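First up is the structure itself, then whatever we jot down about it.
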Amino acid sequence: MKTIVIKQDESFEEAAKILRRGGLVAFPTETVYGLGGDALNPESSRKIYAAKNRPSDNPLIVHICDISALNRLCAEVPEYAYKLAQRFWPGPLTMILKKSAAVPYETTGGLDTVAVRMPDHEGALKLLRESGVFIAAPSANLSGKPSPTTAEHVFHDMNGRIDAIIDGGEVGIGIESTIVDLTKAPFAILRPGYITPVMLESVLKEVIYDPAIIDANASKDLRPRAPGMKYRHYAPKAELTIIKGLEQSVVDKINSMVENNILSGLKTGIIAAEETADRYKAGNVKIAGSIKDPVTISHSLYGILRSFDDEETDVIYSESFDRERLCGDNGGSASDEEFAGAIMNRLTKAAGHHIMEV
Ligand code: AMP
Ligand code: MG
């Protein structure tokens, strides 16, 4: 199959046709690139699983461009779901609701619930409007790779496997949407993201984190409510360790480990904050972003992990971007603090929970 690349400012006529006839189009959103197909066409959903090599019990998120779509896709839409939609859509919030008969089980991985979101991105919204279809889309990476944050990442994983890619440049947030399950009380966050519990509590009385995602030990016994969270997460080819502690102690520890690695001939990468990057004496330093602005870090994290893979790095040390560091003395808000937790959730999984305290 030839994969065509369409720029976001070009005509979407062809892309819309591809979706309507059951083909696959990858597109940018404000979180990561999605791999889209017609959500109401079971054949399209099957193709999505095949293109990604994704297990078919891992449900897809259905993207919409109009709140009224909730009535078509969901068996019942509680008042608070509309309130959340009004408040946070378009935006990086995915809601789980009871599905209607219109949504095939192929799209929901066999579940009676459906995940719905309205993305906050010009390219995504234009594709939704012009195609007139609800677009089922997981992240547009091969299973086992980090979610793509540029059209080039998508091309790397999906060239020859899908019909088209819409190139909207780099995405903004860079990590996947927050998923909140509204089908049973207490309402729970199944996957942390940019929209935090503090923000949701402006509409919902109580929101908890799915206990299975909170810590590594818990997740061995508890089954996460989002099927996707149970799969082995992307891990870079290199051994990744997060170093946590007082800033200068972390820098010193990493410098001494890099020195040893050089003697043993190991290619070493470092993931650092803008504020500390120039304190490293050796190693391949990549700047994740500023600790004063957590979204700069989420924005570049997956791209950095991909480039260490491409560069055949043996060992990676990452500074920790935990809540204390991102918010401690930096005047971050309560929401920044929770968002730091979402970033650490992805980084810790990529590190296989390897954390070194210094
Ligand atoms: P991705 O688009 O690759 O980020 O994957 C979508 C995520 O949403 C996966 O973790 C799924 O398990 C989760 N998800 C989608 N639909 C549902 C649902 N009905 N119930 C729970 N989790 C869901
Ligand atoms: Mg994914």
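Note on naming: chains are A, B, ... as they come in the structure tokens, residues start from 1 per chain, ligands start from 1 in the order shown.
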
Using only C-alpha atoms and all ligand atoms, find each protein or nucleic acid residue lying at most 12 Å from ligand 2; present the set as a PyMOL selection string. chain A and resi 31-35+48-49+52-55+58-61+137-149+174-177+191+226-234+302+346

Secondary structure check, alpha helix (DSSP H) residues of stretch 41-148 of chain A, as an MDAnalysis selection string: chainID A and resid 42:52 69:73 79:88 105:108 122:131

Restricted to N, CA, C and O atoms, what would the selected residues look like written as a short mmCIF file (atom, residue, chain, number, x, y, z; two decimals), in the first residue's frame?
```cif
data_model
loop_
_atom_site.label_atom_id
_atom_site.label_comp_id
_atom_site.auth_asym_id
_atom_site.auth_seq_id
_atom_site.Cartn_x
_atom_site.Cartn_y
_atom_site.Cartn_z
N PRO A 42 -16.91 -1.72 11.43
CA PRO A 42 -16.08 -2.72 12.11
C PRO A 42 -14.83 -3.08 11.31
O PRO A 42 -13.77 -3.33 11.89
N GLU A 43 -14.95 -3.03 9.98
CA GLU A 43 -13.81 -3.38 9.13
C GLU A 43 -12.67 -2.37 9.33
O GLU A 43 -11.50 -2.73 9.39
N SER A 44 -13.02 -1.08 9.48
CA SER A 44 -11.99 -0.05 9.69
C SER A 44 -11.26 -0.31 11.01
O SER A 44 -10.03 -0.19 11.09
N SER A 45 -12.02 -0.64 12.05
CA SER A 45 -11.37 -0.90 13.35
C SER A 45 -10.44 -2.10 13.26
O SER A 45 -9.34 -2.07 13.79
N ARG A 46 -10.88 -3.14 12.54
CA ARG A 46 -10.00 -4.30 12.37
C ARG A 46 -8.70 -3.88 11.70
O ARG A 46 -7.61 -4.34 12.08
N LYS A 47 -8.83 -3.00 10.70
CA LYS A 47 -7.62 -2.55 9.99
C LYS A 47 -6.69 -1.77 10.92
O LYS A 47 -5.47 -1.86 10.81
N ILE A 48 -7.26 -1.00 11.85
CA ILE A 48 -6.43 -0.24 12.78
C ILE A 48 -5.59 -1.18 13.64
O ILE A 48 -4.38 -1.01 13.79
N TYR A 49 -6.24 -2.20 14.20
CA TYR A 49 -5.50 -3.17 15.03
C TYR A 49 -4.38 -3.82 14.22
O TYR A 49 -3.26 -3.99 14.70
N ALA A 50 -4.71 -4.19 12.96
CA ALA A 50 -3.71 -4.86 12.13
C ALA A 50 -2.54 -3.93 11.84
O ALA A 50 -1.37 -4.32 11.97
N ALA A 51 -2.83 -2.66 11.49
CA ALA A 51 -1.75 -1.73 11.12
C ALA A 51 -0.81 -1.48 12.30
O ALA A 51 0.39 -1.31 12.14
N LYS A 52 -1.35 -1.46 13.51
CA LYS A 52 -0.54 -1.18 14.71
C LYS A 52 0.08 -2.42 15.32
O LYS A 52 0.90 -2.32 16.23
N ALA A 69 -22.82 14.51 19.07
CA ALA A 69 -22.44 13.13 18.70
C ALA A 69 -22.56 12.19 19.89
O ALA A 69 -22.72 10.97 19.73
N LEU A 70 -22.49 12.73 21.11
CA LEU A 70 -22.60 11.88 22.31
C LEU A 70 -23.90 11.07 22.28
O LEU A 70 -23.93 9.90 22.68
N ASN A 71 -24.97 11.69 21.78
CA ASN A 71 -26.26 10.98 21.73
C ASN A 71 -26.25 9.79 20.77
O ASN A 71 -26.94 8.81 21.00
N ARG A 72 -25.49 9.91 19.69
CA ARG A 72 -25.40 8.80 18.73
C ARG A 72 -24.54 7.67 19.27
O ARG A 72 -24.80 6.50 19.04
N LEU A 73 -23.50 8.03 19.99
CA LEU A 73 -22.49 7.04 20.36
C LEU A 73 -22.77 6.38 21.71
O LEU A 73 -22.27 5.28 21.98
N GLU A 79 -25.93 14.21 32.87
CA GLU A 79 -25.78 15.65 32.84
C GLU A 79 -24.32 16.08 33.04
O GLU A 79 -23.81 16.98 32.36
N TYR A 80 -23.62 15.40 33.98
CA TYR A 80 -22.23 15.83 34.24
C TYR A 80 -21.31 15.56 33.07
O TYR A 80 -20.28 16.21 32.91
N ALA A 81 -21.68 14.61 32.20
CA ALA A 81 -20.86 14.38 31.00
C ALA A 81 -20.95 15.59 30.08
O ALA A 81 -19.95 16.05 29.53
N TYR A 82 -22.18 16.12 29.93
CA TYR A 82 -22.33 17.34 29.12
C TYR A 82 -21.55 18.49 29.74
O TYR A 82 -20.92 19.29 29.05
N LYS A 83 -21.61 18.58 31.07
CA LYS A 83 -20.89 19.67 31.74
C LYS A 83 -19.39 19.56 31.49
O LYS A 83 -18.72 20.56 31.21
N LEU A 84 -18.86 18.33 31.61
CA LEU A 84 -17.42 18.14 31.35
C LEU A 84 -17.10 18.51 29.90
O LEU A 84 -16.09 19.15 29.62
N ALA A 85 -17.98 18.09 28.99
CA ALA A 85 -17.75 18.38 27.56
C ALA A 85 -17.72 19.88 27.33
O ALA A 85 -16.83 20.40 26.64
N GLN A 86 -18.67 20.58 27.93
CA GLN A 86 -18.71 22.03 27.73
C GLN A 86 -17.47 22.71 28.28
O GLN A 86 -16.93 23.63 27.72
N ARG A 87 -17.01 22.17 29.39
CA ARG A 87 -15.88 22.78 30.07
C ARG A 87 -14.54 22.45 29.40
O ARG A 87 -13.66 23.29 29.28
N PHE A 88 -14.36 21.18 29.00
CA PHE A 88 -13.02 20.74 28.58
C PHE A 88 -12.87 20.41 27.10
O PHE A 88 -11.77 20.08 26.66
N TYR A 105 -18.61 -3.58 18.47
CA TYR A 105 -17.69 -4.10 19.48
C TYR A 105 -16.25 -4.13 18.99
O TYR A 105 -15.31 -4.12 19.79
N GLU A 106 -16.07 -4.14 17.69
CA GLU A 106 -14.70 -4.10 17.15
C GLU A 106 -14.00 -2.81 17.59
O GLU A 106 -12.80 -2.78 17.81
N THR A 107 -14.78 -1.73 17.71
CA THR A 107 -14.21 -0.43 18.09
C THR A 107 -13.94 -0.36 19.60
O THR A 107 -12.99 0.28 20.04
N THR A 108 -14.78 -1.04 20.39
CA THR A 108 -14.65 -0.93 21.85
C THR A 108 -13.91 -2.13 22.46
O THR A 108 -13.95 -2.32 23.67
N GLU A 122 -6.71 21.96 14.90
CA GLU A 122 -7.28 22.37 13.62
C GLU A 122 -7.33 21.23 12.61
O GLU A 122 -8.35 21.03 11.93
N GLY A 123 -6.23 20.47 12.50
CA GLY A 123 -6.16 19.39 11.50
C GLY A 123 -7.17 18.30 11.81
O GLY A 123 -7.88 17.81 10.92
N ALA A 124 -7.24 17.91 13.09
CA ALA A 124 -8.16 16.85 13.49
C ALA A 124 -9.61 17.29 13.26
O ALA A 124 -10.43 16.54 12.71
N LEU A 125 -9.92 18.52 13.64
CA LEU A 125 -11.31 18.99 13.52
C LEU A 125 -11.72 19.14 12.05
O LEU A 125 -12.83 18.80 11.66
N LYS A 126 -10.76 19.59 11.24
CA LYS A 126 -11.04 19.72 9.79
C LYS A 126 -11.34 18.34 9.18
O LYS A 126 -12.27 18.17 8.40
N LEU A 127 -10.56 17.33 9.59
CA LEU A 127 -10.77 15.98 9.06
C LEU A 127 -12.12 15.42 9.52
O LEU A 127 -12.85 14.79 8.74
N LEU A 128 -12.47 15.66 10.77
CA LEU A 128 -13.76 15.19 11.29
C LEU A 128 -14.91 15.85 10.54
O LEU A 128 -15.87 15.19 10.12
N ARG A 129 -14.83 17.17 10.37
CA ARG A 129 -15.90 17.90 9.69
C ARG A 129 -16.03 17.48 8.23
O ARG A 129 -17.12 17.19 7.75
N GLU A 130 -14.89 17.42 7.53
CA GLU A 130 -14.97 17.18 6.08
C GLU A 130 -15.34 15.74 5.75
O GLU A 130 -15.95 15.47 4.73
N SER A 131 -14.95 14.79 6.62
CA SER A 131 -15.28 13.39 6.33
C SER A 131 -16.71 13.08 6.78
O SER A 131 -17.36 12.20 6.24
#
```

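Residue nearest A:Thr94 within the list A:Leu326, A:Val62, A:Met356, A:Met344: A:Val62 [criterion: smallest interatomic distance, only C-alpha atoms].
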
Which one is closest to ligand 1: A:Lys244, A:His354, A:His63, A:Arg325? Count only C-alpha atoms and all ligand atoms.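 For ligand 1, the nearest of the candidates is A:His63.
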
Can you tell me which residues surround stretch 313-322 of chain A at a distance of at most 6 Å, considering only C-alpha atoms, apart from same-chain residues fewer than 6 positions away, and format the answer as a PyMOL selection string? chain A and resi 238-244+266-272+340

N, CA, C and O atoms of the current selection, written as a tab-separated table (two decimals), in the first residue's frame:
```
chain	number	residue	atom	x	y	z
A	238	ALA	N	17.76	1.10	24.97
A	238	ALA	CA	18.77	1.31	25.99
A	238	ALA	C	18.17	1.09	27.38
A	238	ALA	O	16.96	1.19	27.55
A	239	GLU	N	19.03	0.81	28.35
A	239	GLU	CA	18.55	0.69	29.72
A	239	GLU	C	18.37	2.10	30.28
A	239	GLU	O	19.32	2.88	30.34
A	240	LEU	N	17.12	2.41	30.67
A	240	LEU	CA	16.81	3.77	31.14
A	240	LEU	C	16.63	3.77	32.66
A	240	LEU	O	15.88	2.96	33.20
A	241	THR	N	17.34	4.65	33.34
A	241	THR	CA	17.19	4.80	34.78
A	241	THR	C	16.87	6.25	35.11
A	241	THR	O	17.46	7.17	34.53
A	242	ILE	N	15.93	6.45	36.03
A	242	ILE	CA	15.59	7.80	36.48
A	242	ILE	C	16.37	8.06	37.76
A	242	ILE	O	16.38	7.22	38.67
A	243	ILE	N	17.04	9.21	37.85
A	243	ILE	CA	17.82	9.52	39.04
A	243	ILE	C	17.09	10.63	39.80
A	243	ILE	O	16.83	11.70	39.26
A	244	LYS	N	16.78	10.33	41.06
A	244	LYS	CA	15.94	11.23	41.84
A	244	LYS	C	16.69	11.73	43.07
A	244	LYS	O	17.39	10.95	43.72
A	266	LEU	N	30.47	2.38	26.71
A	266	LEU	CA	29.01	2.42	26.55
A	266	LEU	C	28.56	3.80	26.08
A	266	LEU	O	28.96	4.82	26.65
A	267	LYS	N	27.70	3.81	25.05
A	267	LYS	CA	27.16	5.06	24.55
A	267	LYS	C	26.05	5.52	25.50
A	267	LYS	O	25.06	4.81	25.68
A	268	THR	N	26.25	6.68	26.12
A	268	THR	CA	25.33	7.10	27.18
A	268	THR	C	24.55	8.35	26.83
A	268	THR	O	25.12	9.33	26.34
A	269	GLY	N	23.26	8.31	27.07
A	269	GLY	CA	22.40	9.48	26.85
A	269	GLY	C	21.93	10.04	28.18
A	269	GLY	O	21.82	9.31	29.17
A	270	ILE	N	21.66	11.34	28.20
A	270	ILE	CA	21.17	11.99	29.42
A	270	ILE	C	19.93	12.81	29.06
A	270	ILE	O	19.95	13.56	28.08
A	271	ILE	N	18.87	12.65	29.85
A	271	ILE	CA	17.69	13.51	29.66
A	271	ILE	C	17.69	14.53	30.79
A	271	ILE	O	17.60	14.17	31.97
A	272	ALA	N	17.85	15.79	30.42
A	272	ALA	CA	18.05	16.83	31.43
A	272	ALA	C	17.05	17.96	31.25
A	272	ALA	O	16.45	18.12	30.19
A	340	ALA	N	2.63	16.92	36.41
A	340	ALA	CA	3.96	16.34	36.59
A	340	ALA	C	3.82	14.84	36.85
A	340	ALA	O	4.59	14.02	36.35
```

Measuring atom to atom with only C-alpha atoms and all ligand atoms, identify which of A:Gly303, A:Gly168, A:Gly245, A:Pro192 is nearest to ligand 1.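 Ranked by minimum distance to ligand 1, first place goes to A:Pro192.
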
Given only C-alpha atoms and all ligand atoms as the basis, pick out the residue of A:Ile297, A:Ala136, A:Leu19, A:Cys65 nearest to ligand 1.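 Once distances to ligand 1 are computed over only C-alpha atoms and all ligand atoms, the minimum belongs to A:Ala136.
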